[in-house]
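What follows is one structure encoded as structure tokens, with my remarks underneath.
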Amino acid sequence: MTIRAFNQLLNNIGKRPALAVALSVLWLIVIGGVAFFWHLGSIGLIDETEPLFAEASRQMYLSGDWITPFFNGETRFDKPALIYWCQAIAYAIVGVNEWAVRLPSAIAAMGVISLTFYTVQWQLVREDILEQVSRPTRRWVTASLAAAILALSPEMIIWARTGVSDMLLTGCIASALFCFFLGYARGDRGQGIGDREIHNTQYPVPSSQSLIPNRWYLAFYVLIAGAILTKGPVGIVLPGLIIGAFLLYLGKLFEVMREMRLLVGVLIIAGLSLPWYLLVIWRNGWNYINSFFGYHNIERFTEVVNGHAAPWYFYFVVVLLGFAPYSVYLPLAIARVKFWQRKHWRSQKRSQQLGLFAFFWFVSIFGFFTIAVTKLPSYVLPLMPAAAILVALLWSDFFQDKRKFSTSFLLWSSWLNVVFVSAVGVALFYVPQLIGTDPAAPQFRELLQQSGLLVLGGMIWLVCAVVLAVLILRRRWFPLMGVNLLGFAAFMIFVLTPALFLIDHERQLPLRELSAIAVQAHKPGEELIMVGFKKPTVVFYTQRQVNYIKMSAAAGDYIRKDATKKAQADSVLVLAQPKKFPEMGLQPSNYQSLGKSGAYQLIRVPLNQ
């Protein structure tokens with residue numbers, strides 16, 4: 001199909017709104033289904049963080065205590081309750097399984113890419129109305145590109161498929177920011193045909209005397225409350241920082257605050273988010289305040305927590321890899337915004353400030369967590385929608401005669417794209433030498449090399465590099481992003497997913513198998529002890545408390561002394577690597593082997609022997 005025929009097809013689709021909406025929904029279902037839902041529950045829980053959430057939610061679901069989260073018999077104050085509520089509700093709907101654990105994350109990711117699509121398409125419609133032109137091809141392709149870039153990026157895929165709070169937080173924050181922009185953009189006060197069409201017929205603006213803000217601002221407040229219930233103060237600090245910087249730059253801070261009915265918004269946020277905090281503090285007192293607000297919020301920002309230190313340039317690397325391969329175009333996409341031209345942006349209609357808003361969204365989150373002392377890759381997940389919008393808007397300029405950037409800069413970025421995917425392709429051939437040995441999966445490196453997945457992955461990216469180079473030499477700029485998307489999709493389907501199954505088979509399946517044996521062999525009152533590695537999956541899959549003891553000698557002393565004193569049974573179950581048993585003072589004659597799988601063995605040790 002030629003470009004002209006493709007444009008004609010999209011023009012015809014644009015004239016039939018129902019068909020355009022149906023195809024848009026289908027597109028979102030396809031890319032979201034592949035990226036987030038395909039094989040979502042086919043892989044077991046991944047130690048260590050995911051089963052902590054999964055088990056705390058299971059305890060909440062079974063006990064009916066929706067206030068205080070528990071894990072392994074102890075309170076778990078790391079995160080607020082919303083993620084546990086969502087997972088517990090998923091358990092009630094689809095059962096207690098891996099699919100239910102990850103379903104809230106996948107749904108949140110789906111919501112983000114859908115709102116990304118809607119917001120970009122809406123902004124381009126406003127632009128066409130203001131310029132009194134019709135460019136349906138540009139609108140639909142750019143919106144589809146933004147959603148696809150976001151969905152098919154490593155950071156989004158990883159956290160959308162992991163049952164922790166990070167994607168739910170991103171879903172709440174990103175959706176709140178989209179709702180803010182849509183509410184803000186509908187506050188245009190201008191002249192001309194375009195403005196009358198926007199305000200008087202389709203999107204009426206509430207009167208200045210109304211106490212209730214427009215529906216998008218209301219949704220913004222509800223989603224901010226959700227973010228606070230997902231991860232605490234950061235749920236309002238980040239959006240506040242982004243929106244505050246954006247409005248101060250434009251000189252509209254107080255104007256928009258009045259328009260948003262900020263007092264009403266604060267009451268909505270407090271009414272939705274504070275009751276749970278008051279209840280959990282009432283029940284747990286200073287233990288909760290010190291643990292959650294002190295340790296997991298203030299200390300994480302001001303000190304290194306759990307050894308998660310990193311250099312100042314850490315998030316440059318995270319964005320480069322987490323938003324790969326599209327990250328190579330981010331510098332040009334940011335420069336395209338021309339954020340230094342304040343007078344220009346202040347003269348623009350609100351609906352045309354999406355690029356500037358995405359810029360402040362990106363740099364605010366990036367800067368905030370770069371300053372924070374504790375650093376983790378997931379912290380910058382909420383900036384990924386902004387990155388996708390910036391790159392998609394860069395590509396939207398190909399539908400206009402006059403671009404906002406020099407072709408020479410695009411040329412350099414494109415060749416950097418070739419170098420980057422070539423480096424990834426070559427690096428895949430050397431992965432076995434780079435990853436080292438995992439004691440929990442000692443055979444994984446050899447099996448990965450034998451599988452041929454690394455060769456296939458390397459070939460996919462090297463072929464992409466060749467195709468990209470040919471397109472660049474022929475000055476065919478527009479298909480470059482399509483090649484990157486197809487390359488990443490192929491890599492995910494044919495390399496990454498089979499590799500994850502291999503990792504699961506070697507690293508997590510042995511623990512699930514031995515957990516099943518422990519459930520079957522368990523005697524009433526018999527204690528289960530895990531020595532060495534702390535693997536929370538054992539608690540989830542055995543559905544019982546596990547006594548974790550790190551040091552082998554300490555475990556041996558515990559079995560000989562403490563376990564004997566408090567025993568309700570005449571034996572204990574011990575799960576560990578076989579090499580740990582002699583270190584515990586146990587010889588084969590001292591225990592009964594119940595099963596061995598992978599790097600682990602489950603034994604029964606008689607007491608009082």
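Chain labels follow the order of the structure tokens: the first chain is A, the next B, and so on; residue numbering restarts at 1 in every chain, and ligands are counted from 1 in their shown order.
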Which residues are close to stretch 113-129 of chain A, i.e. within 8 Å by only C-alpha atoms, leaving aside same-chain residues fewer than 3 positions away? Reply as a tab-separated table (two decimals) with N, CA and C atoms, in the first residue's frame.
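out06.tsv was written with the following content:
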chain	number	residue	atom	x	y	z
A	28	LEU	N	-5.95	-0.28	20.57
A	28	LEU	CA	-5.55	-0.28	21.97
A	28	LEU	C	-5.64	-1.67	22.59
A	32	GLY	N	-2.26	-3.28	23.87
A	32	GLY	CA	-2.34	-3.51	25.31
A	32	GLY	C	-2.41	-4.98	25.65
A	109	ALA	N	-2.07	-0.02	33.51
A	109	ALA	CA	-1.28	0.28	32.31
A	109	ALA	C	-2.18	0.48	31.10
A	110	MET	N	-3.22	-0.34	31.00
A	110	MET	CA	-4.16	-0.20	29.89
A	110	MET	C	-4.86	1.15	29.96
A	132	GLN	N	-8.39	25.59	11.14
A	132	GLN	CA	-9.43	25.41	10.14
A	132	GLN	C	-8.95	24.51	8.99
A	133	VAL	N	-8.35	23.39	9.40
A	133	VAL	CA	-7.91	22.38	8.43
A	133	VAL	C	-8.40	21.02	8.94
A	134	SER	N	-8.31	20.01	8.10
A	134	SER	CA	-8.68	18.65	8.49
A	134	SER	C	-7.53	17.71	8.14
A	135	ARG	N	-6.92	17.13	9.18
A	135	ARG	CA	-5.80	16.21	8.99
A	135	ARG	C	-6.03	14.93	9.80
A	138	ARG	N	-2.97	12.58	10.38
A	138	ARG	CA	-2.05	13.04	11.41
A	138	ARG	C	-2.60	12.75	12.80
A	139	ARG	N	-3.87	13.00	13.00
A	139	ARG	CA	-4.46	12.80	14.33
A	139	ARG	C	-4.41	11.35	14.75
A	140	TRP	N	-4.91	10.47	13.90
A	140	TRP	CA	-5.03	9.07	14.28
A	140	TRP	C	-3.68	8.38	14.36
A	142	THR	N	-0.67	9.78	14.92
A	142	THR	CA	0.11	10.29	16.05
A	142	THR	C	-0.39	9.72	17.37
A	143	ALA	N	-1.71	9.70	17.56
A	143	ALA	CA	-2.27	9.14	18.79
A	143	ALA	C	-1.96	7.65	18.91
A	144	SER	N	-2.08	6.93	17.81
A	144	SER	CA	-1.76	5.50	17.81
A	144	SER	C	-0.29	5.27	18.11
A	146	ALA	N	1.71	7.29	19.86
A	146	ALA	CA	1.97	7.59	21.27
A	146	ALA	C	1.60	6.41	22.16
A	147	ALA	N	0.43	5.81	21.90
A	147	ALA	CA	0.00	4.67	22.70
A	147	ALA	C	0.91	3.47	22.50
A	148	ALA	N	1.32	3.22	21.26
A	148	ALA	CA	2.17	2.06	20.97
A	148	ALA	C	3.56	2.23	21.56
A	150	LEU	N	4.38	3.93	24.16
A	150	LEU	CA	4.26	3.76	25.62
A	150	LEU	C	4.07	2.29	25.98
A	151	ALA	N	3.17	1.61	25.28
A	151	ALA	CA	2.89	0.21	25.61
A	151	ALA	C	4.10	-0.69	25.36
A	175	SER	N	-3.01	9.33	34.89
A	175	SER	CA	-4.40	9.61	34.56
A	175	SER	C	-4.84	10.94	35.17
A	178	PHE	N	-3.41	13.71	32.98
A	178	PHE	CA	-4.18	13.83	31.74
A	178	PHE	C	-5.51	14.53	32.00
A	182	LEU	N	-6.80	18.05	30.35
A	182	LEU	CA	-8.06	18.14	29.60
A	182	LEU	C	-9.01	19.15	30.24
A	194	GLY	N	-13.03	28.57	15.93
A	194	GLY	CA	-12.62	27.36	16.63
A	194	GLY	C	-13.00	27.37	18.10
A	198	ILE	N	-15.54	24.91	20.25
A	198	ILE	CA	-15.10	24.11	21.39
A	198	ILE	C	-15.96	24.37	22.62
A	351	SER	N	-5.19	24.47	24.74
A	351	SER	CA	-5.26	23.14	24.13
A	351	SER	C	-4.01	22.81	23.32
A	352	GLN	N	-3.20	23.83	23.00
A	352	GLN	CA	-2.01	23.61	22.19
A	352	GLN	C	-0.74	23.55	23.04
A	354	LEU	N	0.09	20.97	25.08
A	354	LEU	CA	0.35	19.60	25.54
A	354	LEU	C	1.83	19.27	25.53
A	385	PRO	N	4.75	8.12	30.24
A	385	PRO	CA	3.73	8.68	29.34
A	385	PRO	C	4.15	10.02	28.74
A	389	ILE	N	4.59	10.93	24.70
A	389	ILE	CA	3.92	12.06	24.07
A	389	ILE	C	4.93	12.95	23.34
Kindly assemble as a tab-separated table a list of the stretch 100-131 of chain A residues that lie within 7 Å of stretch 162-171 of chain A, each paired with its nearest atom pair and their distance in Å to one decimal, using only C-alpha atoms, sorted first by chain and then by ascending residue number.
residue	atom	partner	partner_atom	distance
A:Val101	CA	A:Gly163	CA	5.2
A:Arg102	CA	A:Gly163	CA	4.2
A:Pro104	CA	A:Leu168	CA	6.9
A:Ser105	CA	A:Met167	CA	5.3
A:Ala108	CA	A:Gly171	CA	4.9
A:Ala109	CA	A:Gly171	CA	6.2
A:Gly111	CA	A:Gly171	CA	6.9
A:Val112	CA	A:Gly171	CA	5.7
Just the selected residues (all heavy atoms), exported as a JSON list (two decimals), in the first residue's frame, please.
[["chain", "number", "residue", "atom", "x", "y", "z"],
["A", 101, "VAL", "N", -3.10, -11.43, 40.97],
["A", 101, "VAL", "CA", -2.08, -10.59, 41.58],
["A", 101, "VAL", "C", -1.67, -9.46, 40.64],
["A", 101, "VAL", "O", -1.48, -8.31, 41.05],
["A", 101, "VAL", "CB", -0.84, -11.44, 41.96],
["A", 101, "VAL", "CG1", 0.31, -10.54, 42.41],
["A", 101, "VAL", "CG2", -1.19, -12.43, 43.05],
["A", 102, "ARG", "N", -1.55, -9.77, 39.35],
["A", 102, "ARG", "CA", -1.03, -8.79, 38.38],
["A", 102, "ARG", "C", -2.12, -8.01, 37.64],
["A", 102, "ARG", "O", -1.81, -7.06, 36.93],
["A", 102, "ARG", "CB", -0.15, -9.54, 37.36],
["A", 102, "ARG", "CG", 1.09, -10.13, 38.01],
["A", 102, "ARG", "CD", 1.73, -11.20, 37.17],
["A", 102, "ARG", "NE", 2.90, -11.74, 37.85],
["A", 102, "ARG", "CZ", 3.42, -12.94, 37.60],
["A", 102, "ARG", "NH1", 2.87, -13.72, 36.69],
["A", 102, "ARG", "NH2", 4.49, -13.35, 38.26],
["A", 104, "PRO", "N", -4.47, -5.81, 38.61],
["A", 104, "PRO", "CA", -4.54, -4.35, 38.82],
["A", 104, "PRO", "C", -3.46, -3.59, 38.08],
["A", 104, "PRO", "O", -3.72, -2.50, 37.53],
["A", 104, "PRO", "CB", -4.38, -4.22, 40.34],
["A", 104, "PRO", "CG", -4.87, -5.51, 40.89],
["A", 104, "PRO", "CD", -4.43, -6.54, 39.89],
["A", 105, "SER", "N", -2.25, -4.12, 38.03],
["A", 105, "SER", "CA", -1.16, -3.45, 37.31],
["A", 105, "SER", "C", -1.45, -3.40, 35.81],
["A", 105, "SER", "O", -1.24, -2.36, 35.17],
["A", 105, "SER", "CB", 0.17, -4.17, 37.56],
["A", 105, "SER", "OG", 0.54, -4.10, 38.91],
["A", 108, "ALA", "N", -4.23, -0.88, 35.11],
["A", 108, "ALA", "CA", -3.72, 0.49, 35.24],
["A", 108, "ALA", "C", -2.92, 0.89, 34.02],
["A", 108, "ALA", "O", -3.05, 2.01, 33.50],
["A", 108, "ALA", "CB", -2.86, 0.60, 36.50],
["A", 109, "ALA", "N", -2.07, -0.02, 33.51],
["A", 109, "ALA", "CA", -1.28, 0.28, 32.31],
["A", 109, "ALA", "C", -2.18, 0.48, 31.10],
["A", 109, "ALA", "O", -1.94, 1.37, 30.26],
["A", 109, "ALA", "CB", -0.29, -0.86, 32.05],
["A", 111, "GLY", "N", -5.22, 1.57, 31.15],
["A", 111, "GLY", "CA", -5.85, 2.87, 31.29],
["A", 111, "GLY", "C", -4.94, 4.01, 30.88],
["A", 111, "GLY", "O", -5.37, 4.99, 30.26],
["A", 112, "VAL", "N", -3.66, 3.89, 31.20],
["A", 112, "VAL", "CA", -2.70, 4.95, 30.85],
["A", 112, "VAL", "C", -2.54, 5.08, 29.35],
["A", 112, "VAL", "O", -2.56, 6.19, 28.80],
["A", 112, "VAL", "CB", -1.34, 4.69, 31.54],
["A", 112, "VAL", "CG1", -0.30, 5.69, 31.02],
["A", 112, "VAL", "CG2", -1.46, 4.82, 33.04]]
With only C-alpha atoms as the counted atoms, please give the residues lying no more than 9 Å from A:Val467, apart from itself and same-chain residues fewer than 4 positions off, as a tab-separated table (two decimals) with all heavy atoms, in the first residue's frame.
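The resulting file, selection.tsv, is reproduced below:
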chain	number	residue	atom	x	y	z
A	462	LEU	N	19.82	-6.65	14.93
A	462	LEU	CA	20.76	-6.32	13.86
A	462	LEU	C	20.04	-6.13	12.53
A	462	LEU	O	20.40	-5.26	11.73
A	462	LEU	CB	21.82	-7.42	13.74
A	462	LEU	CG	22.82	-7.49	14.91
A	462	LEU	CD1	23.76	-8.67	14.75
A	462	LEU	CD2	23.61	-6.19	15.02
A	463	VAL	N	19.01	-6.92	12.29
A	463	VAL	CA	18.19	-6.71	11.09
A	463	VAL	C	17.50	-5.35	11.16
A	463	VAL	O	17.43	-4.62	10.17
A	463	VAL	CB	17.15	-7.85	10.93
A	463	VAL	CG1	16.13	-7.50	9.86
A	463	VAL	CG2	17.86	-9.16	10.57
A	471	LEU	N	16.68	3.06	5.43
A	471	LEU	CA	15.67	4.13	5.43
A	471	LEU	C	16.32	5.51	5.60
A	471	LEU	O	15.92	6.48	4.96
A	471	LEU	CB	14.65	3.89	6.54
A	471	LEU	CG	13.71	2.70	6.35
A	471	LEU	CD1	12.89	2.45	7.61
A	471	LEU	CD2	12.77	2.93	5.16
A	472	ILE	N	17.34	5.58	6.46
A	472	ILE	CA	18.01	6.86	6.67
A	472	ILE	C	18.74	7.30	5.41
A	472	ILE	O	18.68	8.48	5.01
A	472	ILE	CB	19.00	6.75	7.86
A	472	ILE	CG1	18.23	6.52	9.16
A	472	ILE	CG2	19.86	8.00	7.97
A	472	ILE	CD1	19.12	6.13	10.33
A	480	LEU	N	10.75	5.10	10.38
A	480	LEU	CA	11.76	4.72	11.36
A	480	LEU	C	11.11	4.23	12.67
A	480	LEU	O	11.54	3.23	13.24
A	480	LEU	CB	12.68	5.90	11.66
A	480	LEU	CG	13.58	6.39	10.51
A	480	LEU	CD1	14.41	7.59	10.97
A	480	LEU	CD2	14.49	5.27	10.03
A	483	VAL	N	9.63	0.75	12.40
A	483	VAL	CA	10.64	-0.31	12.45
A	483	VAL	C	11.02	-0.60	13.90
A	483	VAL	O	11.16	-1.76	14.31
A	483	VAL	CB	11.87	0.07	11.61
A	483	VAL	CG1	12.99	-0.95	11.80
A	483	VAL	CG2	11.50	0.19	10.15
Problem - Proximity to A:Ala555 - best of A:Leu586, A:Ile365, A:Val538, A:Ile236, only C-alpha atoms - result: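 Checking each candidate against A:Ala555, we get A:Leu586 as the closest.
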Would you list the contacts of stretch 261-272 of chain A as an mmCIF file with N, CA and C atoms, in the first residue's frame, taking every protein, DNA or RNA residue within 9 Å and counting only C-alpha atoms, but skipping same-chain residues closer than 3 positions in sequence?
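File result_25.cif, as written:
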data_model
loop_
_atom_site.group_PDB
_atom_site.id
_atom_site.type_symbol
_atom_site.label_atom_id
_atom_site.label_comp_id
_atom_site.auth_asym_id
_atom_site.auth_seq_id
_atom_site.Cartn_x
_atom_site.Cartn_y
_atom_site.Cartn_z
ATOM 1 N N SER A 210 -19.921 28.944 39.819
ATOM 2 C CA SER A 210 -20.172 27.551 40.210
ATOM 3 C C SER A 210 -19.143 27.084 41.232
ATOM 4 N N LEU A 211 -19.607 26.346 42.238
ATOM 5 C CA LEU A 211 -18.699 25.784 43.241
ATOM 6 C C LEU A 211 -18.043 24.497 42.776
ATOM 7 N N ILE A 212 -18.570 23.904 41.721
ATOM 8 C CA ILE A 212 -18.091 22.610 41.239
ATOM 9 C C ILE A 212 -17.211 22.813 40.007
ATOM 10 N N PRO A 213 -15.986 22.301 40.014
ATOM 11 C CA PRO A 213 -15.137 22.412 38.825
ATOM 12 C C PRO A 213 -15.646 21.505 37.715
ATOM 13 N N TYR A 217 -11.509 18.093 36.107
ATOM 14 C CA TYR A 217 -10.873 18.449 37.380
ATOM 15 C C TYR A 217 -11.386 17.556 38.507
ATOM 16 N N LEU A 218 -12.661 17.224 38.483
ATOM 17 C CA LEU A 218 -13.204 16.309 39.493
ATOM 18 C C LEU A 218 -12.500 14.949 39.406
ATOM 19 N N PHE A 220 -9.572 14.437 38.237
ATOM 20 C CA PHE A 220 -8.209 14.684 38.703
ATOM 21 C C PHE A 220 -8.127 14.527 40.216
ATOM 22 N N TYR A 221 -9.047 15.119 40.943
ATOM 23 C CA TYR A 221 -9.014 15.041 42.400
ATOM 24 C C TYR A 221 -9.216 13.606 42.892
ATOM 25 N N VAL A 222 -10.127 12.883 42.265
ATOM 26 C CA VAL A 222 -10.363 11.492 42.661
ATOM 27 C C VAL A 222 -9.113 10.647 42.425
ATOM 28 N N LEU A 223 -8.457 10.855 41.306
ATOM 29 C CA LEU A 223 -7.258 10.078 40.983
ATOM 30 C C LEU A 223 -6.078 10.443 41.881
ATOM 31 N N ILE A 224 -5.984 11.701 42.286
ATOM 32 C CA ILE A 224 -4.943 12.082 43.247
ATOM 33 C C ILE A 224 -5.164 11.355 44.570
ATOM 34 N N ALA A 225 -6.416 11.265 44.998
ATOM 35 C CA ALA A 225 -6.720 10.497 46.210
ATOM 36 C C ALA A 225 -6.293 9.042 46.038
ATOM 37 N N GLY A 226 -6.536 8.482 44.853
ATOM 38 C CA GLY A 226 -6.091 7.117 44.586
ATOM 39 C C GLY A 226 -4.590 6.982 44.658
ATOM 40 N N ILE A 228 -2.549 8.813 46.467
ATOM 41 C CA ILE A 228 -2.158 8.900 47.874
ATOM 42 C C ILE A 228 -2.417 7.574 48.583
ATOM 43 N N LEU A 229 -3.512 6.907 48.230
ATOM 44 C CA LEU A 229 -3.822 5.608 48.825
ATOM 45 C C LEU A 229 -2.959 4.484 48.259
ATOM 46 N N VAL A 256 -5.723 29.497 37.366
ATOM 47 C CA VAL A 256 -6.150 28.104 37.237
ATOM 48 C C VAL A 256 -6.547 27.528 38.596
ATOM 49 N N MET A 257 -5.884 27.950 39.665
ATOM 50 C CA MET A 257 -6.271 27.475 40.995
ATOM 51 C C MET A 257 -7.710 27.865 41.309
ATOM 52 N N ARG A 258 -8.083 29.097 40.951
ATOM 53 C CA ARG A 258 -9.480 29.507 41.155
ATOM 54 C C ARG A 258 -10.416 28.699 40.272
ATOM 55 N N PRO A 275 -9.587 8.864 55.456
ATOM 56 C CA PRO A 275 -10.203 7.901 56.391
ATOM 57 C C PRO A 275 -9.367 6.655 56.639
ATOM 58 N N TRP A 276 -8.780 6.092 55.592
ATOM 59 C CA TRP A 276 -7.974 4.882 55.824
ATOM 60 C C TRP A 276 -6.750 5.193 56.666
#
